[in-house]
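Text of the file query_29.csv, holding CSV, C-alpha atoms and all ligand atoms:
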chain,number,residue,atom,x,y,z
A,190,MET,CA,166.3,111.1,-122.7
A,191,SER,CA,169.9,112.2,-122.8
A,192,LEU,CA,171.7,114.5,-125.2
A,193,GLN,CA,175.1,113.9,-123.6
A,194,ASN,CA,178.0,114.5,-126.1
A,195,LYS,CA,175.6,116.2,-128.6
A,196,VAL,CA,176.2,119.7,-130.0
A,197,ALA,CA,173.1,121.8,-130.7
A,198,LEU,CA,172.8,125.1,-132.4
A,199,VAL,CA,169.6,127.1,-132.0
A,200,THR,CA,168.9,130.2,-134.0
A,201,GLY,CA,166.9,133.1,-132.4
A,202,ALA,CA,167.9,131.5,-129.0
A,203,ALA,CA,168.4,134.9,-127.2
A,204,SER,CA,164.7,135.2,-126.5
A,205,GLY,CA,161.4,133.5,-126.2
A,206,ILE,CA,160.9,130.0,-127.6
A,207,GLY,CA,164.5,129.6,-128.9
A,208,GLU,CA,165.9,130.5,-125.5
A,209,GLN,CA,163.8,127.9,-123.7
A,210,CYS,CA,164.7,125.3,-126.3
A,211,ALA,CA,168.4,126.0,-125.7
A,212,ARG,CA,167.9,125.8,-121.9
A,213,LYS,CA,166.1,122.5,-122.3
A,214,LEU,CA,168.6,120.9,-124.6
A,215,ALA,CA,171.4,122.1,-122.3
A,216,SER,CA,169.6,120.6,-119.3
A,217,LEU,CA,169.6,117.2,-121.1
A,218,GLY,CA,173.4,117.4,-121.6
A,219,ALA,CA,173.9,119.0,-125.0
A,220,THR,CA,176.4,121.7,-125.6
A,221,VAL,CA,174.4,124.6,-127.0
A,222,VAL,CA,175.2,127.4,-129.3
A,223,ILE,CA,173.0,130.4,-128.7
A,224,ALA,CA,172.9,131.9,-132.2
A,225,ASP,CA,171.1,135.2,-132.6
A,226,LEU,CA,171.2,138.7,-134.2
A,227,ASN,CA,171.2,140.1,-130.6
A,228,LEU,CA,174.7,139.3,-129.2
A,229,ALA,CA,174.1,141.0,-125.8
A,230,ASN,CA,171.0,138.8,-125.1
A,231,ALA,CA,172.7,135.7,-126.5
A,232,GLN,CA,175.6,136.3,-124.1
A,233,LYS,CA,173.1,136.7,-121.2
A,234,VAL,CA,171.3,133.4,-122.0
A,235,ALA,CA,174.6,131.5,-122.5
A,236,SER,CA,176.0,132.9,-119.1
A,237,SER,CA,172.8,131.9,-117.3
A,238,ILE,CA,172.9,128.3,-118.8
A,239,ASN,CA,176.6,128.1,-117.8
A,240,GLU,CA,175.9,129.3,-114.3
A,241,SER,CA,173.3,126.6,-113.8
A,242,GLY,CA,175.7,123.9,-114.8
A,243,GLY,CA,175.1,123.6,-118.5
A,244,LYS,CA,177.4,124.4,-121.4
A,245,ALA,CA,176.5,127.2,-123.8
A,246,PHE,CA,178.3,129.6,-126.2
A,247,PRO,CA,176.8,132.8,-127.6
A,248,LEU,CA,177.2,133.4,-131.3
A,249,VAL,CA,176.2,136.4,-133.3
A,250,MET,CA,174.5,135.3,-136.5
A,251,ASP,CA,172.1,136.9,-138.9
A,252,VAL,CA,170.3,134.0,-140.5
A,253,THR,CA,169.6,135.9,-143.7
A,254,ARG,CA,173.3,136.4,-144.4
A,255,GLU,CA,175.0,133.4,-146.2
A,256,GLU,CA,178.5,134.2,-145.0
A,257,ALA,CA,177.4,134.8,-141.4
A,258,VAL,CA,175.6,131.4,-141.4
A,259,ASP,CA,178.4,129.5,-143.0
A,260,SER,CA,181.1,131.0,-140.8
A,261,GLY,CA,178.9,130.6,-137.6
A,262,ILE,CA,178.4,126.9,-138.3
A,263,GLU,CA,182.0,126.4,-139.3
A,264,TRP,CA,183.0,128.1,-136.0
A,265,THR,CA,180.7,125.7,-134.1
A,266,VAL,CA,182.3,122.6,-135.7
A,267,GLN,CA,185.8,123.9,-135.3
A,268,GLN,CA,185.3,124.8,-131.6
A,269,LEU,CA,183.0,122.0,-130.5
A,270,GLY,CA,183.9,119.3,-133.0
A,271,GLN,CA,180.5,118.6,-134.5
A,272,ILE,CA,176.9,119.7,-134.9
A,273,ASP,CA,174.2,117.1,-134.1
A,274,VAL,CA,171.1,119.2,-133.7
A,275,LEU,CA,170.0,122.3,-135.6
A,276,GLY,CA,167.0,124.3,-134.2
A,277,SER,CA,166.0,126.7,-137.0
A,278,ASN,CA,163.9,129.0,-134.9
A,279,ALA,CA,164.7,132.7,-135.5
A,280,GLY,CA,161.7,134.6,-136.6
A,281,ILE,CA,159.8,137.8,-136.5
A,282,GLN,CA,156.2,138.9,-137.2
A,283,ILE,CA,154.9,141.8,-139.3
A,284,VAL,CA,151.1,142.1,-139.5
A,285,ALA,CA,149.2,144.1,-142.1
A,286,PRO,CA,146.4,143.6,-144.6
A,287,ILE,CA,147.7,142.3,-147.9
A,288,GLU,CA,146.7,145.5,-149.8
A,289,SER,CA,149.1,147.5,-147.6
A,290,TYR,CA,151.8,144.9,-146.9
A,291,THR,CA,155.0,146.5,-148.1
A,292,TYR,CA,157.3,144.6,-150.5
A,293,PRO,CA,160.3,145.2,-148.2
A,294,ASP,CA,158.4,143.8,-145.3
A,295,TRP,CA,157.3,140.7,-147.4
A,296,LYS,CA,160.9,140.1,-148.4
A,297,LYS,CA,162.2,140.6,-144.9
A,298,MET,CA,159.8,138.0,-143.5
A,299,LEU,CA,160.6,135.4,-146.2
A,300,ALA,CA,164.3,136.1,-145.7
A,301,ILE,CA,164.3,135.4,-142.0
A,302,HIS,CA,162.0,132.5,-142.0
A,303,LEU,CA,162.8,130.7,-145.2
A,304,ASP,CA,166.3,131.9,-146.3
A,305,GLY,CA,167.4,131.4,-142.7
A,306,ALA,CA,166.0,127.9,-142.6
A,307,PHE,CA,167.6,127.0,-145.9
A,308,LEU,CA,171.0,128.6,-145.2
A,309,THR,CA,171.3,127.0,-141.7
A,310,THR,CA,170.2,123.6,-143.0
A,311,ARG,CA,172.7,123.6,-145.9
A,312,ALA,CA,175.6,124.6,-143.7
A,313,ALA,CA,174.7,122.1,-140.9
A,314,ILE,CA,173.8,119.2,-143.0
A,315,ARG,CA,177.2,119.2,-144.8
A,316,HIS,CA,178.8,118.6,-141.4
A,317,MET,CA,176.2,116.0,-140.4
A,318,TYR,CA,176.9,114.1,-143.6
A,319,ASP,CA,180.7,114.4,-143.3
A,320,SER,CA,180.7,113.2,-139.7
A,321,GLY,CA,178.8,110.1,-140.6
A,322,ARG,CA,176.7,110.7,-137.4
A,323,GLY,CA,173.7,112.2,-139.1
A,324,GLY,CA,171.6,114.6,-137.0
A,325,SER,CA,168.3,116.1,-136.2
A,326,ILE,CA,167.0,119.3,-137.8
A,327,ILE,CA,164.0,121.0,-136.2
A,328,TYR,CA,162.2,123.9,-137.8
A,329,MET,CA,160.0,126.2,-135.8
A,330,GLY,CA,156.8,126.3,-137.8
A,331,SER,CA,153.5,127.4,-136.3
A,332,VAL,CA,149.9,126.5,-136.4
A,333,HIS,CA,150.2,128.9,-139.3
A,334,SER,CA,152.1,126.2,-141.1
A,335,HIS,CA,148.6,124.6,-141.5
A,336,GLU,CA,146.2,127.4,-141.0
A,337,ALA,CA,145.7,131.0,-142.2
A,338,SER,CA,144.9,134.1,-140.3
A,339,LYS,CA,144.1,137.6,-141.5
A,340,LEU,CA,146.9,140.1,-141.6
A,341,LYS,CA,149.7,137.5,-141.8
A,342,SER,CA,150.2,136.8,-145.5
A,343,ALA,CA,154.0,136.6,-145.4
A,344,TYR,CA,154.1,134.7,-142.1
A,345,VAL,CA,151.6,132.1,-143.2
A,346,THR,CA,153.4,131.7,-146.5
A,347,ALA,CA,156.8,131.2,-144.9
A,348,LYS,CA,155.5,128.8,-142.2
A,349,HIS,CA,153.8,126.7,-144.9
A,350,GLY,CA,157.0,126.7,-146.8
A,351,LEU,CA,158.9,125.2,-143.9
A,352,LEU,CA,156.8,122.0,-144.2
A,353,GLY,CA,158.0,121.6,-147.8
A,354,LEU,CA,161.6,122.2,-146.9
A,355,ALA,CA,161.5,119.8,-144.0
A,356,ARG,CA,160.0,117.0,-146.2
A,357,VAL,CA,162.7,117.4,-148.8
A,358,VAL,CA,165.4,117.4,-146.1
A,359,ALA,CA,163.8,114.3,-144.6
A,360,LYS,CA,164.0,112.5,-148.0
A,361,GLU,CA,167.5,113.6,-148.9
A,362,GLY,CA,168.9,113.3,-145.4
A,363,GLY,CA,167.2,110.0,-144.5
A,364,PRO,CA,169.7,107.6,-146.1
A,365,ARG,CA,172.5,109.5,-144.3
A,366,GLY,CA,170.9,109.6,-140.8
A,367,VAL,CA,169.6,113.2,-140.9
A,368,ARG,CA,166.0,113.7,-139.7
A,369,ALA,CA,163.9,116.8,-140.3
A,370,ASN,CA,160.7,117.8,-138.5
A,371,VAL,CA,158.6,120.9,-137.9
A,372,VAL,CA,157.3,121.9,-134.5
A,373,CYS,CA,154.1,124.0,-134.9
A,374,PRO,CA,153.1,126.0,-131.8
A,375,GLY,CA,149.9,127.9,-131.1
A,376,PHE,CA,150.2,131.3,-129.5
A,377,VAL,CA,153.0,131.6,-127.0
A,378,ARG,CA,153.4,134.8,-124.9
A,379,THR,CA,156.8,135.9,-126.1
A,380,PRO,CA,157.9,139.4,-127.2
A,381,LEU,CA,156.9,138.4,-130.7
A,382,VAL,CA,153.3,137.9,-129.6
A,383,GLU,CA,153.1,140.7,-127.0
A,384,LYS,CA,153.9,143.2,-129.8
A,385,GLN,CA,151.1,141.8,-132.0
A,386,ILE,CA,148.3,142.2,-129.5
A,387,PRO,CA,148.0,146.0,-129.7
A,388,GLU,CA,148.9,145.9,-133.5
A,389,GLN,CA,146.1,143.4,-134.2
A,390,ALA,CA,143.6,145.4,-131.9
A,391,LYS,CA,144.3,148.5,-134.0
A,392,GLU,CA,144.1,146.7,-137.4
A,393,LEU,CA,140.9,144.8,-136.5
A,394,GLY,CA,139.3,147.6,-134.6
A,395,ILE,CA,138.7,145.5,-131.4
A,396,SER,CA,140.1,145.6,-127.8
A,397,GLU,CA,143.4,143.9,-126.8
A,398,GLN,CA,141.4,141.6,-124.6
A,399,ASP,CA,139.3,140.5,-127.6
A,400,VAL,CA,142.4,139.9,-129.6
A,401,VAL,CA,143.6,137.4,-127.0
A,402,LYS,CA,140.2,135.8,-126.3
A,403,ASN,CA,138.5,135.9,-129.7
A,404,VAL,CA,141.4,135.8,-132.2
A,405,MET,CA,144.4,134.1,-130.6
A,406,LEU,CA,142.8,131.6,-128.3
A,407,LYS,CA,139.4,131.2,-129.7
A,408,GLU,CA,139.9,127.8,-131.3
A,409,THR,CA,141.9,126.2,-128.4
A,410,VAL,CA,140.2,123.5,-126.3
A,411,ASP,CA,140.7,125.4,-123.1
A,412,GLY,CA,141.5,129.1,-123.8
A,413,GLU,CA,145.1,128.7,-122.8
A,414,PHE,CA,148.3,130.0,-124.3
A,415,THR,CA,150.9,127.4,-125.3
A,416,THR,CA,154.1,127.9,-123.2
A,417,VAL,CA,157.8,128.1,-124.1
A,418,GLU,CA,158.2,124.9,-122.0
A,419,ASP,CA,155.6,123.0,-124.0
A,420,VAL,CA,157.5,123.9,-127.2
A,421,ALA,CA,160.9,123.2,-125.8
A,422,ASN,CA,159.9,119.8,-124.5
A,423,THR,CA,158.7,118.9,-128.0
A,424,VAL,CA,161.9,120.1,-129.6
A,425,ALA,CA,163.9,118.1,-127.0
A,426,PHE,CA,161.9,115.0,-127.8
A,427,LEU,CA,162.6,115.4,-131.5
A,428,ALA,CA,166.3,116.2,-130.9
A,429,GLY,CA,166.7,113.0,-128.9
A,430,PHE,CA,164.6,110.6,-130.9
A,431,GLU,CA,166.7,107.7,-131.9
A,432,SER,CA,165.6,106.6,-135.3
A,433,SER,CA,164.3,107.9,-138.7
A,434,ALA,CA,160.8,106.6,-137.9
A,435,LEU,CA,160.0,110.2,-137.0
A,436,THR,CA,161.0,112.3,-139.9
A,437,GLY,CA,159.3,114.7,-142.3
A,438,GLN,CA,156.6,115.3,-139.7
A,439,SER,CA,155.0,118.4,-138.2
A,440,ILE,CA,154.0,118.2,-134.6
A,441,ILE,CA,151.3,120.7,-133.5
A,442,VAL,CA,151.5,122.0,-130.0
A,443,SER,CA,148.6,124.3,-129.7
A,444,HIS,CA,146.0,123.4,-127.0
A,445,GLY,CA,144.0,121.8,-129.8
A,446,TRP,CA,143.6,124.9,-131.9
A,447,GLU,CA,144.6,122.9,-134.9
A,448,MET,CA,144.1,119.1,-135.0
A,449,LYS,CA,145.7,117.0,-137.8
B,501,LIG,P1,161.1,136.3,-130.0
B,501,LIG,O1,160.9,137.6,-130.6
B,501,LIG,O2,160.9,136.1,-128.5
B,501,LIG,O3,162.5,135.7,-130.4
B,501,LIG,C1,163.0,135.7,-131.7
B,501,LIG,C2,164.5,135.8,-131.7
B,501,LIG,O4,164.9,135.7,-133.0
B,501,LIG,C3,165.0,137.1,-131.1
B,501,LIG,O5,166.0,136.8,-130.1
B,501,LIG,C4,165.6,137.8,-132.3
B,501,LIG,O6,166.8,138.6,-132.0
B,501,LIG,C5,166.0,136.6,-133.2
B,501,LIG,N1,166.1,137.0,-134.6
B,501,LIG,C6,165.3,137.8,-135.3
B,501,LIG,N2,165.8,138.0,-136.6
B,501,LIG,C7,166.9,137.2,-136.6
B,501,LIG,C8,167.9,137.0,-137.6
B,501,LIG,N3,167.8,137.6,-138.8
B,501,LIG,N4,169.0,136.2,-137.4
B,501,LIG,C9,169.1,135.7,-136.1
B,501,LIG,N5,168.2,135.9,-135.1
B,501,LIG,C10,167.2,136.6,-135.4
B,501,LIG,O7,160.1,135.3,-130.8
B,501,LIG,P2,159.4,133.9,-130.4
B,501,LIG,O8,158.0,134.1,-130.2
B,501,LIG,O9,160.3,133.2,-129.5
B,501,LIG,O10,159.6,133.2,-131.9
B,501,LIG,C11,160.6,132.2,-132.2
B,501,LIG,C12,160.0,131.4,-133.3
B,501,LIG,O11,158.8,130.8,-133.0
B,501,LIG,C13,159.7,132.2,-134.6
B,501,LIG,O12,160.1,131.5,-135.8
B,501,LIG,C14,158.2,132.3,-134.6
B,501,LIG,O13,157.6,132.5,-135.8
B,501,LIG,C15,157.8,131.0,-134.0
B,501,LIG,N6,156.5,130.9,-133.4
B,501,LIG,C16,156.2,131.8,-132.3
B,501,LIG,C17,154.9,131.7,-131.8
B,501,LIG,C18,154.5,132.6,-130.7
B,501,LIG,O14,153.2,132.6,-130.4
B,501,LIG,N7,155.3,133.3,-130.0
B,501,LIG,C19,154.0,130.7,-132.3
B,501,LIG,C20,154.4,129.9,-133.3
B,501,LIG,C21,155.6,130.0,-133.9
Please express the file's structure as structure tokens.
Ligand code: NAD
Amino acid sequence: MSLQNKVALVTGAASGIGEQCARKLASLGATVVIADLNLANAQKVASSINESGGKAFPLVMDVTREEAVDSGIEWTVQQLGQIDVLGSNAGIQIVAPIESYTYPDWKKMLAIHLDGAFLTTRAAIRHMYDSGRGGSIIYMGSVHSHEASKLKSAYVTAKHGLLGLARVVAKEGGPRGVRANVVCPGFVRTPLVEKQIPEQAKELGISEQDVVKNVMLKETVDGEFTTVEDVANTVAFLAGFESSALTGQSIIVSHGWEMK
């Protein structure tokens, strides 16, 4: 599968899953924009991709800020001529039981996951329509787009919401060649998950080992974490898929934790 002559922008690409998605897309020939709140890390990832023969540009972007998203995507199209793939991936996690979940934390979670997905989609799809080339929009959902877990009210709400957004974008974008899909990983050992292990142990009153074994990986078929490579390969498959046969879908990559 080749992504030669394609331009991809991935949000939250300075770390974890987004970083590996950017590396994979670049390895298949795409020019990749590493869009992230953390410019220093975005620069490091872009340099590393460029040093290994790919083509990447760092871009500071807070996905919750309308002007930052619009101007970042405008910059991409001005500099690189187009945008063919959007990976809407930036995300955080805040765990707490619902009775003590603070309203600012709730709003922050929905802003990053849902406002970010909406704003980047709106800005990118305008260019995908204008170019007449269409494009592929890939949202980073989660098993929590289909499942619930304790302590994750805002995250589960937001990740379920992405399914709705993707389906609308698939319907609206279909006639103009824009596909929209959601990738739904199980637990992946990124900084986002490393931080949760001690937090969940404290909230649930169990050991960190039990959080991993009996909370995170309990329902998998083999007790294994999903890897950033597993997720990036799925994103690359969706980015390069040639037709609208595959749109409005969610693909679960979770060692069988969730089967649909
Ligand atoms: P991570 O913490 O490694 O990386 C997240 C990146 O997003 C960071 O570089 C951070 O700077 C960036 N970011 C945060 N807020 C931002 C904002 N407002 N604007 C732009 N960038 C911002 O996390 P990760 O585990 O790689 O998670 C990436 C995505 O994958 C998230 O949407 C997460 O919900 C999803 N996901 C993760 C897992 C997992 O187990 N790690 C499982 C399922 C889904």
(Q) Report, in Å to a single decimal, how far apart atom CA of Lys348 of chain A and atom CA of Arg368 of chain A are. (A) 18.6 Å
Q.
Counting only C-alpha atoms and all ligand atoms, which residue out of A:Leu214, A:Ala257, A:Ala390, A:Val274 sits closest to ligand LIG 501 (chain B)?
A.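 Selected residue with least distance to ligand LIG 501 (chain B): A:Ala257.
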Q) Of the candidates A:Ser191, A:Gln232, A:Gln398, A:Thr436, which shows the shortest atom-to-atom distance to ligand LIG 501 (chain B), using all atoms listed in the file? A)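 The answer is A:Gln232, which sits nearest to ligand LIG 501 (chain B).
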Please tabulate, as JSON lines, the residues of chain A that come within 6 Å of ligand LIG 501 (chain B), each with its closest pair of atoms and the distance in Å to one decimal, counting all atoms listed in the file and ordering rows by chain, then residue number upward.
{"residue": "A:Thr200", "atom": "CA", "partner": "B:LIG501", "partner_atom": "N5", "distance": 5.8}
{"residue": "A:Gly201", "atom": "CA", "partner": "B:LIG501", "partner_atom": "O4", "distance": 3.3}
{"residue": "A:Ala202", "atom": "CA", "partner": "B:LIG501", "partner_atom": "O5", "distance": 5.7}
{"residue": "A:Ala203", "atom": "CA", "partner": "B:LIG501", "partner_atom": "O5", "distance": 4.2}
{"residue": "A:Ser204", "atom": "CA", "partner": "B:LIG501", "partner_atom": "O5", "distance": 4.1}
{"residue": "A:Gly205", "atom": "CA", "partner": "B:LIG501", "partner_atom": "O9", "distance": 3.5}
{"residue": "A:Ile206", "atom": "CA", "partner": "B:LIG501", "partner_atom": "O9", "distance": 3.8}
{"residue": "A:Gly207", "atom": "CA", "partner": "B:LIG501", "partner_atom": "O9", "distance": 5.6}
{"residue": "A:Asp225", "atom": "CA", "partner": "B:LIG501", "partner_atom": "N5", "distance": 3.9}
{"residue": "A:Leu226", "atom": "CA", "partner": "B:LIG501", "partner_atom": "C9", "distance": 4.1}
{"residue": "A:Asn227", "atom": "CA", "partner": "B:LIG501", "partner_atom": "O6", "distance": 4.9}
{"residue": "A:Met250", "atom": "CA", "partner": "B:LIG501", "partner_atom": "C9", "distance": 5.4}
{"residue": "A:Asp251", "atom": "CA", "partner": "B:LIG501", "partner_atom": "N4", "distance": 3.5}
{"residue": "A:Val252", "atom": "CA", "partner": "B:LIG501", "partner_atom": "N4", "distance": 4.0}
{"residue": "A:Thr253", "atom": "CA", "partner": "B:LIG501", "partner_atom": "N3", "distance": 5.5}
{"residue": "A:Asn278", "atom": "CA", "partner": "B:LIG501", "partner_atom": "O12", "distance": 4.6}
{"residue": "A:Ala279", "atom": "CA", "partner": "B:LIG501", "partner_atom": "O4", "distance": 3.9}
{"residue": "A:Gly280", "atom": "CA", "partner": "B:LIG501", "partner_atom": "O12", "distance": 3.6}
{"residue": "A:Ile281", "atom": "CA", "partner": "B:LIG501", "partner_atom": "C6", "distance": 5.6}
{"residue": "A:Ile301", "atom": "CA", "partner": "B:LIG501", "partner_atom": "N3", "distance": 5.2}
{"residue": "A:Met329", "atom": "CA", "partner": "B:LIG501", "partner_atom": "O12", "distance": 5.3}
{"residue": "A:Gly330", "atom": "CA", "partner": "B:LIG501", "partner_atom": "C21", "distance": 5.5}
{"residue": "A:Ser331", "atom": "CA", "partner": "B:LIG501", "partner_atom": "C20", "distance": 4.0}
{"residue": "A:Pro374", "atom": "CA", "partner": "B:LIG501", "partner_atom": "C20", "distance": 4.4}
{"residue": "A:Gly375", "atom": "CA", "partner": "B:LIG501", "partner_atom": "C19", "distance": 5.1}
{"residue": "A:Phe376", "atom": "CA", "partner": "B:LIG501", "partner_atom": "O14", "distance": 3.4}
{"residue": "A:Val377", "atom": "CA", "partner": "B:LIG501", "partner_atom": "O14", "distance": 3.5}
{"residue": "A:Arg378", "atom": "CA", "partner": "B:LIG501", "partner_atom": "N7", "distance": 5.6}
{"residue": "A:Thr379", "atom": "CA", "partner": "B:LIG501", "partner_atom": "O8", "distance": 4.6}
{"residue": "A:Pro380", "atom": "CA", "partner": "B:LIG501", "partner_atom": "O2", "distance": 4.6}
{"residue": "A:Leu381", "atom": "CA", "partner": "B:LIG501", "partner_atom": "O1", "distance": 4.1}
{"residue": "A:Val382", "atom": "CA", "partner": "B:LIG501", "partner_atom": "N7", "distance": 5.0}
**Q.** Point-to-point distance from atom CA of Tyr292 of chain A to atom CA of Glu255 of chain A, Å rounded to tenths
**A.**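 If I compute the distance from atom CA of Tyr292 of chain A to atom CA of Glu255 of chain A, I get 21.4 Å.
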(Q) Could you check the closest approach to Asp319 of chain A for each of A:Asp273, A:Glu431, A:Asp419, A:Asp259 and tell me which residue wins, using only C-alpha atoms? (A) A:Asp273
Q. Please, what distance in Å, to one decimal, runs between atom CA of Arg311 of chain A and atom CA of Ser237 of chain A?
A.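 If I compute the distance from atom CA of Arg311 of chain A to atom CA of Ser237 of chain A, I get 29.8 Å.
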**Q.** Among listed residues A:Ile441, A:Ile386, A:Leu354, A:Ile283, nearest Glu336 of chain A (using all atoms listed in the file)
**A.**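 The shortest atom-to-atom distance to Glu336 of chain A comes from A:Ile441.
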(Q) When you count only C-alpha atoms, which of these residues is closest to Ser289 of chain A: A:Glu392, A:Asp411, A:Asp304, A:Asp399? (A) A:Glu392
Q | Shortest interatomic distance to Gly353 of chain A - which of A:Lys244, A:Arg322, A:Ser432, A:Ser439, counting all atoms listed in the file | A | A:Ser439
Q.
List as a PyMOL selection string the protein and nucleic acid residues near Arg212 of chain A, meaning an atom at most 9 Å away when all atoms listed in the file are counted, but skip any in the same chain fewer than 3 places from it.
A. chain A and resi 207-209+215-217+221+234-235+238+243+245+421
